file start.cif (mmCIF, N, CA and C atoms)
data_target
#
loop_
_atom_site.label_atom_id
_atom_site.label_comp_id
_atom_site.auth_asym_id
_atom_site.auth_seq_id
_atom_site.Cartn_x
_atom_site.Cartn_y
_atom_site.Cartn_z
N ASN V 362 -33.51 16.78 13.52
CA ASN V 362 -32.90 17.40 12.36
C ASN V 362 -33.40 16.83 11.04
N TYR V 363 -33.68 15.51 11.04
CA TYR V 363 -34.11 14.84 9.82
C TYR V 363 -35.54 14.36 9.98
N SER V 364 -36.25 14.20 8.88
CA SER V 364 -37.67 13.83 8.95
C SER V 364 -37.89 12.46 9.61
N ARG V 365 -36.95 11.54 9.45
CA ARG V 365 -37.09 10.21 10.07
C ARG V 365 -36.06 10.01 11.18
N ASN V 366 -35.49 11.10 11.65
CA ASN V 366 -34.52 11.13 12.73
C ASN V 366 -33.20 10.43 12.39
N CYS V 367 -32.96 10.23 11.12
CA CYS V 367 -31.66 9.71 10.69
C CYS V 367 -31.47 10.06 9.21
N PHE V 368 -30.23 10.04 8.80
CA PHE V 368 -29.90 10.30 7.40
C PHE V 368 -29.01 9.16 6.93
N GLN V 369 -29.46 8.42 5.94
CA GLN V 369 -28.70 7.28 5.44
C GLN V 369 -28.25 7.54 4.01
N PHE V 370 -27.05 7.08 3.69
CA PHE V 370 -26.51 7.22 2.34
C PHE V 370 -25.57 6.05 2.07
N ASN V 371 -25.26 5.83 0.82
CA ASN V 371 -24.36 4.75 0.41
C ASN V 371 -23.19 5.33 -0.36
N ILE V 372 -22.05 4.70 -0.21
CA ILE V 372 -20.86 5.00 -1.01
C ILE V 372 -20.49 3.70 -1.72
N CYS V 373 -20.33 3.75 -3.02
CA CYS V 373 -19.94 2.55 -3.75
C CYS V 373 -18.93 2.92 -4.82
N MET V 374 -18.22 1.91 -5.30
CA MET V 374 -17.24 2.09 -6.37
C MET V 374 -17.43 0.96 -7.36
N VAL V 375 -17.26 1.27 -8.64
CA VAL V 375 -17.32 0.26 -9.68
C VAL V 375 -15.88 0.01 -10.12
N ILE V 376 -15.42 -1.25 -9.95
CA ILE V 376 -14.04 -1.58 -10.30
C ILE V 376 -14.01 -2.79 -11.25
N ASP V 377 -12.90 -2.95 -11.91
CA ASP V 377 -12.68 -4.07 -12.81
C ASP V 377 -12.75 -5.37 -12.02
N GLY V 378 -13.43 -6.36 -12.53
CA GLY V 378 -13.59 -7.63 -11.85
C GLY V 378 -12.28 -8.37 -11.62
N SER V 379 -11.25 -8.06 -12.39
CA SER V 379 -9.97 -8.76 -12.22
C SER V 379 -9.12 -8.12 -11.11
N GLN V 380 -9.53 -6.96 -10.60
CA GLN V 380 -8.79 -6.28 -9.54
C GLN V 380 -9.12 -6.87 -8.18
N HIS V 381 -8.15 -6.86 -7.29
CA HIS V 381 -8.41 -7.31 -5.92
C HIS V 381 -9.24 -6.23 -5.23
N HIS V 382 -10.26 -6.62 -4.49
CA HIS V 382 -11.22 -5.67 -3.95
C HIS V 382 -10.84 -5.04 -2.62
N GLU V 383 -9.88 -5.58 -1.89
CA GLU V 383 -9.57 -5.08 -0.54
C GLU V 383 -9.23 -3.58 -0.50
N PRO V 384 -8.31 -3.06 -1.33
CA PRO V 384 -8.01 -1.63 -1.23
C PRO V 384 -9.23 -0.76 -1.51
N TYR V 385 -10.09 -1.21 -2.41
CA TYR V 385 -11.25 -0.41 -2.79
C TYR V 385 -12.32 -0.43 -1.70
N ARG V 386 -12.42 -1.54 -0.99
CA ARG V 386 -13.37 -1.59 0.13
C ARG V 386 -12.92 -0.61 1.21
N ASP V 387 -11.62 -0.57 1.46
CA ASP V 387 -11.10 0.38 2.45
C ASP V 387 -11.36 1.81 2.03
N ILE V 388 -11.21 2.10 0.72
CA ILE V 388 -11.48 3.45 0.23
C ILE V 388 -12.94 3.81 0.45
N ALA V 389 -13.85 2.89 0.13
CA ALA V 389 -15.28 3.16 0.32
C ALA V 389 -15.60 3.39 1.79
N GLN V 390 -14.98 2.63 2.68
CA GLN V 390 -15.21 2.84 4.11
C GLN V 390 -14.68 4.19 4.57
N LEU V 391 -13.49 4.57 4.10
CA LEU V 391 -12.94 5.88 4.45
C LEU V 391 -13.81 7.01 3.93
N LEU V 392 -14.28 6.86 2.70
CA LEU V 392 -15.16 7.88 2.14
C LEU V 392 -16.47 7.97 2.93
N ALA V 393 -17.02 6.84 3.29
CA ALA V 393 -18.27 6.84 4.07
C ALA V 393 -18.07 7.53 5.41
N MET V 394 -16.97 7.24 6.09
CA MET V 394 -16.70 7.90 7.37
C MET V 394 -16.48 9.40 7.19
N SER V 395 -15.76 9.77 6.11
CA SER V 395 -15.52 11.19 5.85
C SER V 395 -16.83 11.93 5.57
N PHE V 396 -17.68 11.33 4.72
CA PHE V 396 -18.95 11.99 4.40
C PHE V 396 -19.90 12.00 5.60
N GLN V 397 -19.82 10.98 6.45
CA GLN V 397 -20.65 10.99 7.66
C GLN V 397 -20.23 12.15 8.56
N THR V 398 -18.93 12.33 8.73
CA THR V 398 -18.43 13.44 9.54
C THR V 398 -18.83 14.78 8.93
N LEU V 399 -18.71 14.88 7.61
CA LEU V 399 -19.12 16.13 6.94
C LEU V 399 -20.61 16.39 7.11
N GLU V 400 -21.41 15.36 7.09
CA GLU V 400 -22.85 15.53 7.29
C GLU V 400 -23.15 16.00 8.71
N VAL V 401 -22.50 15.40 9.69
CA VAL V 401 -22.72 15.79 11.08
C VAL V 401 -22.29 17.24 11.32
N GLU V 402 -21.15 17.61 10.76
CA GLU V 402 -20.60 18.92 11.05
C GLU V 402 -21.13 20.03 10.15
N THR V 403 -21.43 19.73 8.88
CA THR V 403 -21.80 20.80 7.94
C THR V 403 -23.10 20.56 7.19
N LYS V 404 -23.75 19.41 7.40
CA LYS V 404 -24.98 19.05 6.67
C LYS V 404 -24.74 19.04 5.15
N LEU V 405 -23.56 18.59 4.75
CA LEU V 405 -23.19 18.60 3.33
C LEU V 405 -24.12 17.73 2.48
N LEU V 406 -24.46 16.55 2.95
CA LEU V 406 -25.25 15.62 2.15
C LEU V 406 -26.74 15.92 2.18
N SER V 407 -27.26 16.39 3.28
CA SER V 407 -28.70 16.58 3.41
C SER V 407 -29.18 17.93 2.89
N ASN V 408 -28.28 18.83 2.63
CA ASN V 408 -28.65 20.15 2.12
C ASN V 408 -28.85 20.06 0.61
N PRO V 409 -30.08 20.29 0.10
CA PRO V 409 -30.33 20.15 -1.34
C PRO V 409 -29.51 21.11 -2.19
N ARG V 410 -29.09 22.23 -1.63
CA ARG V 410 -28.28 23.19 -2.39
C ARG V 410 -26.85 22.72 -2.59
N GLU V 411 -26.44 21.69 -1.89
CA GLU V 411 -25.07 21.18 -1.98
C GLU V 411 -24.90 20.09 -3.04
N GLY V 412 -25.94 19.78 -3.80
CA GLY V 412 -25.88 18.71 -4.79
C GLY V 412 -24.75 18.86 -5.78
N THR V 413 -24.59 20.04 -6.34
CA THR V 413 -23.50 20.25 -7.31
C THR V 413 -22.15 20.23 -6.60
N SER V 414 -22.10 20.66 -5.36
CA SER V 414 -20.86 20.62 -4.59
C SER V 414 -20.43 19.18 -4.36
N ILE V 415 -21.37 18.31 -4.03
CA ILE V 415 -21.05 16.89 -3.81
C ILE V 415 -20.55 16.26 -5.11
N GLN V 416 -21.17 16.58 -6.22
CA GLN V 416 -20.70 16.04 -7.50
C GLN V 416 -19.28 16.49 -7.80
N ALA V 417 -18.97 17.75 -7.51
CA ALA V 417 -17.62 18.26 -7.75
C ALA V 417 -16.61 17.58 -6.83
N ILE V 418 -16.99 17.37 -5.58
CA ILE V 418 -16.10 16.70 -4.63
C ILE V 418 -15.83 15.27 -5.09
N LEU V 419 -16.87 14.55 -5.48
CA LEU V 419 -16.70 13.17 -5.94
C LEU V 419 -15.83 13.11 -7.21
N ALA V 420 -16.02 14.08 -8.11
CA ALA V 420 -15.20 14.12 -9.33
C ALA V 420 -13.73 14.35 -8.99
N GLN V 421 -13.47 15.27 -8.05
CA GLN V 421 -12.08 15.52 -7.63
C GLN V 421 -11.48 14.29 -6.97
N LEU V 422 -12.25 13.63 -6.11
CA LEU V 422 -11.77 12.42 -5.46
C LEU V 422 -11.40 11.35 -6.49
N ARG V 423 -12.30 11.14 -7.43
CA ARG V 423 -12.06 10.13 -8.46
C ARG V 423 -10.81 10.46 -9.28
N GLN V 424 -10.68 11.71 -9.67
CA GLN V 424 -9.53 12.14 -10.48
C GLN V 424 -8.22 11.95 -9.71
N GLN V 425 -8.19 12.40 -8.47
CA GLN V 425 -6.95 12.31 -7.69
C GLN V 425 -6.60 10.86 -7.36
N LEU V 426 -7.59 10.04 -7.05
CA LEU V 426 -7.32 8.64 -6.75
C LEU V 426 -6.82 7.90 -7.98
N ASN V 427 -7.38 8.20 -9.14
CA ASN V 427 -6.91 7.56 -10.38
C ASN V 427 -5.51 8.02 -10.75
N ASP V 428 -5.20 9.29 -10.51
CA ASP V 428 -3.90 9.83 -10.90
C ASP V 428 -2.78 9.44 -9.95
N ALA V 429 -3.02 9.56 -8.65
CA ALA V 429 -1.91 9.42 -7.70
C ALA V 429 -2.17 8.43 -6.57
N GLU V 430 -3.31 7.76 -6.58
CA GLU V 430 -3.68 6.83 -5.53
C GLU V 430 -3.68 7.47 -4.15
N GLU V 431 -3.93 8.76 -4.10
CA GLU V 431 -4.11 9.50 -2.87
C GLU V 431 -4.96 10.72 -3.18
N CYS V 432 -5.55 11.30 -2.14
CA CYS V 432 -6.39 12.47 -2.41
C CYS V 432 -6.32 13.45 -1.26
N PHE V 433 -6.55 14.70 -1.60
CA PHE V 433 -6.73 15.77 -0.62
C PHE V 433 -7.70 16.75 -1.27
N VAL V 434 -8.95 16.68 -0.85
CA VAL V 434 -9.99 17.52 -1.44
C VAL V 434 -10.61 18.38 -0.34
N CYS V 435 -10.53 19.68 -0.50
CA CYS V 435 -11.16 20.60 0.45
C CYS V 435 -12.64 20.69 0.13
N THR V 436 -13.47 20.49 1.16
CA THR V 436 -14.92 20.58 0.95
C THR V 436 -15.44 21.97 1.28
N ASP V 437 -14.77 22.64 2.18
CA ASP V 437 -15.06 24.05 2.50
C ASP V 437 -13.81 24.62 3.15
N SER V 438 -13.93 25.77 3.77
CA SER V 438 -12.74 26.43 4.31
C SER V 438 -12.12 25.70 5.50
N SER V 439 -12.86 24.79 6.14
CA SER V 439 -12.32 24.14 7.33
C SER V 439 -12.41 22.61 7.30
N HIS V 440 -12.82 22.01 6.19
CA HIS V 440 -12.95 20.56 6.11
C HIS V 440 -12.30 20.04 4.83
N ALA V 441 -11.73 18.83 4.95
CA ALA V 441 -11.09 18.20 3.79
C ALA V 441 -11.20 16.69 3.92
N ILE V 442 -11.14 16.02 2.78
CA ILE V 442 -11.07 14.55 2.73
C ILE V 442 -9.67 14.22 2.25
N SER V 443 -8.95 13.43 3.05
CA SER V 443 -7.56 13.15 2.72
C SER V 443 -7.21 11.72 3.12
N PHE V 444 -6.64 10.95 2.21
CA PHE V 444 -6.11 9.63 2.50
C PHE V 444 -5.29 9.13 1.33
N LYS V 445 -4.59 8.03 1.57
CA LYS V 445 -3.76 7.40 0.55
C LYS V 445 -4.15 5.93 0.43
N VAL V 446 -4.16 5.43 -0.79
CA VAL V 446 -4.52 4.04 -1.05
C VAL V 446 -3.32 3.16 -0.74
N ARG V 447 -3.57 2.10 0.01
CA ARG V 447 -2.51 1.12 0.27
C ARG V 447 -2.68 -0.03 -0.70
N ARG V 448 -1.60 -0.36 -1.35
CA ARG V 448 -1.63 -1.46 -2.31
C ARG V 448 -1.75 -2.78 -1.56
N TRP V 449 -2.54 -3.67 -2.11
CA TRP V 449 -2.72 -4.99 -1.52
C TRP V 449 -1.59 -5.87 -1.99
N THR V 450 -1.00 -6.60 -1.07
CA THR V 450 0.06 -7.54 -1.39
C THR V 450 -0.47 -8.95 -1.15
N PRO V 451 -0.40 -9.81 -2.15
CA PRO V 451 -0.93 -11.17 -1.95
C PRO V 451 -0.12 -11.93 -0.90
N ALA V 452 -0.79 -12.83 -0.22
CA ALA V 452 -0.11 -13.67 0.77
C ALA V 452 0.86 -14.61 0.07
N LEU V 453 1.95 -14.90 0.73
CA LEU V 453 2.93 -15.82 0.15
C LEU V 453 2.35 -17.22 0.14
N THR V 454 2.62 -17.93 -0.92
CA THR V 454 2.12 -19.29 -1.04
C THR V 454 3.19 -20.26 -0.56
N LYS V 455 2.75 -21.40 -0.07
CA LYS V 455 3.68 -22.41 0.40
C LYS V 455 4.39 -23.03 -0.81
N ILE V 456 5.69 -23.23 -0.65
CA ILE V 456 6.48 -23.85 -1.71
C ILE V 456 6.12 -25.33 -1.76
N GLU V 457 5.66 -25.78 -2.92
CA GLU V 457 5.25 -27.18 -3.07
C GLU V 457 6.44 -28.13 -3.06
N ASP V 458 7.52 -27.74 -3.73
CA ASP V 458 8.69 -28.60 -3.81
C ASP V 458 9.69 -28.15 -2.75
N GLU V 459 9.79 -28.91 -1.66
CA GLU V 459 10.66 -28.50 -0.56
C GLU V 459 12.13 -28.70 -0.89
N SER V 460 12.43 -29.32 -2.03
CA SER V 460 13.82 -29.45 -2.42
C SER V 460 14.31 -28.18 -3.12
N ALA V 461 13.42 -27.24 -3.40
CA ALA V 461 13.81 -25.98 -4.03
C ALA V 461 14.37 -25.07 -2.94
N VAL V 462 15.67 -24.98 -2.87
CA VAL V 462 16.34 -24.16 -1.87
C VAL V 462 17.27 -23.18 -2.57
N PRO V 463 17.56 -22.05 -1.96
CA PRO V 463 18.49 -21.11 -2.59
C PRO V 463 19.91 -21.68 -2.61
N VAL V 464 20.55 -21.56 -3.73
CA VAL V 464 21.92 -22.04 -3.90
C VAL V 464 22.81 -20.83 -4.09
N PRO V 465 23.83 -20.67 -3.24
CA PRO V 465 24.70 -19.50 -3.37
C PRO V 465 25.58 -19.59 -4.62
N LEU V 466 25.72 -18.48 -5.31
CA LEU V 466 26.59 -18.41 -6.49
C LEU V 466 27.94 -17.79 -6.15
N LEU V 467 28.04 -17.20 -4.95
CA LEU V 467 29.28 -16.61 -4.45
C LEU V 467 29.60 -17.24 -3.10
N ASP V 468 30.82 -17.05 -2.65
CA ASP V 468 31.19 -17.51 -1.31
C ASP V 468 30.58 -16.54 -0.30
N LEU V 469 29.47 -16.96 0.30
CA LEU V 469 28.74 -16.07 1.20
C LEU V 469 29.48 -15.84 2.50
N GLN V 470 30.34 -16.74 2.89
CA GLN V 470 31.09 -16.54 4.13
C GLN V 470 32.03 -15.34 4.02
N LYS V 471 32.50 -15.07 2.80
CA LYS V 471 33.34 -13.89 2.60
C LYS V 471 32.56 -12.60 2.85
N LEU V 472 31.26 -12.62 2.57
CA LEU V 472 30.45 -11.44 2.83
C LEU V 472 30.32 -11.17 4.32
N LEU V 473 30.28 -12.24 5.11
CA LEU V 473 30.09 -12.09 6.55
C LEU V 473 31.38 -11.81 7.30
N ASP V 474 32.51 -12.25 6.77
CA ASP V 474 33.80 -12.08 7.45
C ASP V 474 34.48 -10.83 6.92
N PRO V 475 34.59 -9.77 7.75
CA PRO V 475 35.18 -8.52 7.25
C PRO V 475 36.64 -8.66 6.80
N GLU V 476 37.38 -9.60 7.39
CA GLU V 476 38.78 -9.77 7.01
C GLU V 476 38.91 -10.41 5.64
N ARG V 477 37.95 -11.26 5.27
CA ARG V 477 38.02 -11.97 3.99
C ARG V 477 37.35 -11.21 2.85
N ARG V 478 36.64 -10.11 3.18
CA ARG V 478 35.92 -9.36 2.13
C ARG V 478 36.86 -8.78 1.09
N SER V 479 38.05 -8.44 1.51
CA SER V 479 38.98 -7.80 0.57
C SER V 479 39.65 -8.80 -0.36
N GLU V 480 39.51 -10.12 -0.07
CA GLU V 480 40.09 -11.12 -0.96
C GLU V 480 39.39 -11.08 -2.31
N SER V 481 40.12 -11.25 -3.36
CA SER V 481 39.56 -11.17 -4.71
C SER V 481 39.36 -12.54 -5.30
N PRO V 482 38.10 -12.91 -5.63
CA PRO V 482 37.89 -14.18 -6.33
C PRO V 482 38.26 -14.04 -7.80
N LYS V 483 39.11 -14.94 -8.27
CA LYS V 483 39.51 -14.98 -9.68
C LYS V 483 40.04 -13.64 -10.17
N GLY V 484 40.79 -12.93 -9.31
CA GLY V 484 41.44 -11.70 -9.73
C GLY V 484 40.54 -10.48 -9.77
N ARG V 485 39.28 -10.59 -9.37
CA ARG V 485 38.39 -9.43 -9.39
C ARG V 485 38.19 -8.92 -7.97
N ASP V 486 37.86 -7.64 -7.86
CA ASP V 486 37.50 -7.09 -6.56
C ASP V 486 36.17 -7.69 -6.14
N PHE V 487 36.10 -8.26 -4.94
CA PHE V 487 34.91 -8.99 -4.48
C PHE V 487 33.68 -8.08 -4.44
N HIS V 488 33.84 -6.83 -3.98
CA HIS V 488 32.69 -5.92 -3.88
C HIS V 488 32.16 -5.52 -5.25
N GLN V 489 33.02 -5.49 -6.26
CA GLN V 489 32.55 -5.14 -7.59
C GLN V 489 31.73 -6.27 -8.20
N ALA V 490 31.89 -7.49 -7.69
CA ALA V 490 31.13 -8.62 -8.21
C ALA V 490 29.69 -8.60 -7.71
N LEU V 491 29.42 -7.84 -6.64
CA LEU V 491 28.08 -7.79 -6.07
C LEU V 491 27.27 -6.63 -6.63
N PRO V 492 26.02 -6.87 -7.04
CA PRO V 492 25.18 -5.78 -7.55
C PRO V 492 24.43 -5.06 -6.43
N PHE V 493 24.82 -5.30 -5.17
CA PHE V 493 24.12 -4.72 -4.02
C PHE V 493 25.12 -4.51 -2.89
N SER V 494 24.71 -3.75 -1.89
CA SER V 494 25.57 -3.57 -0.72
C SER V 494 25.05 -4.46 0.40
N LEU V 495 25.94 -4.84 1.30
CA LEU V 495 25.58 -5.70 2.41
C LEU V 495 24.87 -4.87 3.48
N ASP V 496 23.64 -5.24 3.80
CA ASP V 496 22.89 -4.54 4.84
C ASP V 496 22.61 -5.52 5.98
N PRO V 497 22.14 -5.04 7.13
CA PRO V 497 21.92 -5.94 8.28
C PRO V 497 20.91 -7.06 8.00
N ALA V 498 19.88 -6.79 7.23
CA ALA V 498 18.89 -7.84 6.94
C ALA V 498 19.53 -8.95 6.09
N LEU V 499 20.30 -8.56 5.09
CA LEU V 499 20.98 -9.55 4.25
C LEU V 499 22.00 -10.33 5.07
N ALA V 500 22.71 -9.65 5.96
CA ALA V 500 23.70 -10.33 6.80
C ALA V 500 23.03 -11.37 7.70
N ALA V 501 21.79 -11.11 8.13
CA ALA V 501 21.08 -12.06 8.99
C ALA V 501 20.60 -13.28 8.19
N VAL V 502 20.31 -13.11 6.91
CA VAL V 502 19.78 -14.20 6.09
C VAL V 502 20.90 -15.06 5.49
N LEU V 503 22.04 -14.48 5.22
CA LEU V 503 23.12 -15.19 4.53
C LEU V 503 23.52 -16.51 5.21
N PRO V 504 23.63 -16.60 6.53
CA PRO V 504 24.01 -17.89 7.12
C PRO V 504 22.99 -19.00 6.88
N LEU V 505 21.77 -18.66 6.55
CA LEU V 505 20.72 -19.65 6.30
C LEU V 505 20.75 -20.20 4.88
N ILE V 506 21.48 -19.53 3.98
CA ILE V 506 21.56 -19.97 2.59
C ILE V 506 22.79 -20.85 2.43
N ASP V 507 22.53 -22.17 2.38
CA ASP V 507 23.66 -23.09 2.25
C ASP V 507 23.46 -24.10 1.12
N GLY V 508 22.36 -23.99 0.39
CA GLY V 508 22.10 -24.90 -0.71
C GLY V 508 21.61 -26.26 -0.29
N VAL V 509 21.37 -26.45 1.02
CA VAL V 509 20.94 -27.76 1.51
C VAL V 509 19.53 -27.67 2.12
N ARG V 510 19.28 -26.66 2.95
CA ARG V 510 17.98 -26.54 3.63
C ARG V 510 17.18 -25.37 3.13
#
call {"tool": "encode", "arguments": {"input": "start.cif", "output": "structure tokens"}}
result
Amino acid sequence: NYSRNCFQFNICMVIDGSQHHEPYRDIAQLLAMSFQTLEVETKLLSNPREGTSIQAILAQLRQQLNDAEECFVCTDSSHAISFKVRRWTPALTKIEDESAVPVPLLDLQKLLDPERRSESPKGRDFHQALPFSLDPALAAVLPLIDGVR
């Protein structure tokens, strides 16, 4: 099919040096796989008449990724490039000062004991003092917060 029996191409992105590169590397890999599939199935990249079509597809991809961090671009009536960018979350760092422990500002045992929840500290409704609702994850963590460890 090709003069040298293969077709090679590159996908690259230019990003700000202060940005973390992991999400963008994943985007470039997804784009490369998508364009490779399009080349195998439709000869999109190797067809010289598709040059303006490729430019339009890349422009749409860039616009949608910048606007919504996701894209869905139809390349023809039966093919599309679609994915969503995942934000990179930095790894948690080890706490240098091991004496820094969470200190409860409320009686946390009242949150865990359903019979004591209705008791009012200092004349106020206990639930109104909380800016959140008690969920199972919080209930699992509360016994570990004692201001000592």
call {"tool": "atom_distance", "arguments": {"input": "start.cif", "atom1": "CA of Arg423 in chain V", "atom2": "CA of Met374 in chain V"}}
result
9.8 Å
call {"tool": "resolve_selection", "arguments": {"input": "start.cif", "expression": "the PyMOL selection byres ((chain V and resi 393-398) around 8)", "output": "count of residues only"}}
result
21
call {"tool": "select_by_dssp", "arguments": {"input": "start.cif", "residues": "chain V", "states": "helix (DSSP H, G or I)", "output": "number ranges by chain"}}
result
V: 383-403, 409-429, 469-473, 482-484, 488-490, 497-505
call {"tool": "closest_atom_pairs", "arguments": {"input": "start.cif", "of": "range 374-421 of chain V", "to": "range 447-467 of chain V", "cutoff": "8 Å", "atoms": "only N, CA and C atoms", "output": "CSV"}}
result
residue,atom,partner,partner_atom,distance
V:His381,CA,V:Trp449,CA,7.6
V:Glu383,C,V:Trp449,CA,6.7
V:Pro384,CA,V:Arg447,C,5.6
V:Tyr385,N,V:Arg447,C,7.7
V:Ile388,N,V:Arg447,N,7.7
call {"tool": "axis_aligned_box", "arguments": {"input": "start.cif", "around": "range 367-381 of chain V", "padding_each_side": "4 Å", "output": "lines of an AutoDock Vina configuration file"}}
result
center_x = -20.6
center_y = 0.8
center_z = -0.8
size_x = 32.8
size_y = 27.1
size_z = 31.9
call {"tool": "select_by_dssp", "arguments": {"input": "start.cif", "residues": "chain V", "states": "strand (DSSP E or B)", "output": "list in words"}}
result
Glu431, Cys432, Phe433, Val434, Cys435, Ala441, Ile442, Ser443, Phe444 and Lys445 of chain V
call {"tool": "atom_distance", "arguments": {"input": "start.cif", "atom1": "CA of Phe444 in chain V", "atom2": "CA of Tyr363 in chain V"}}
result
29.4 Å
call {"tool": "resolve_selection", "arguments": {"input": "start.cif", "expression": "the PyMOL selection byres ((chain V and resi 504-507) around 8)", "output": "PyMOL selection string"}}
result
chain V and resi 462-465+469-470+473+499-503+508-510
call {"tool": "resolve_selection", "arguments": {"input": "start.cif", "expression": "the PyMOL selection byres ((chain V and resi 431) around 7)", "output": "ChimeraX atom specification"}}
result
/V:425-430,432-433,443-446
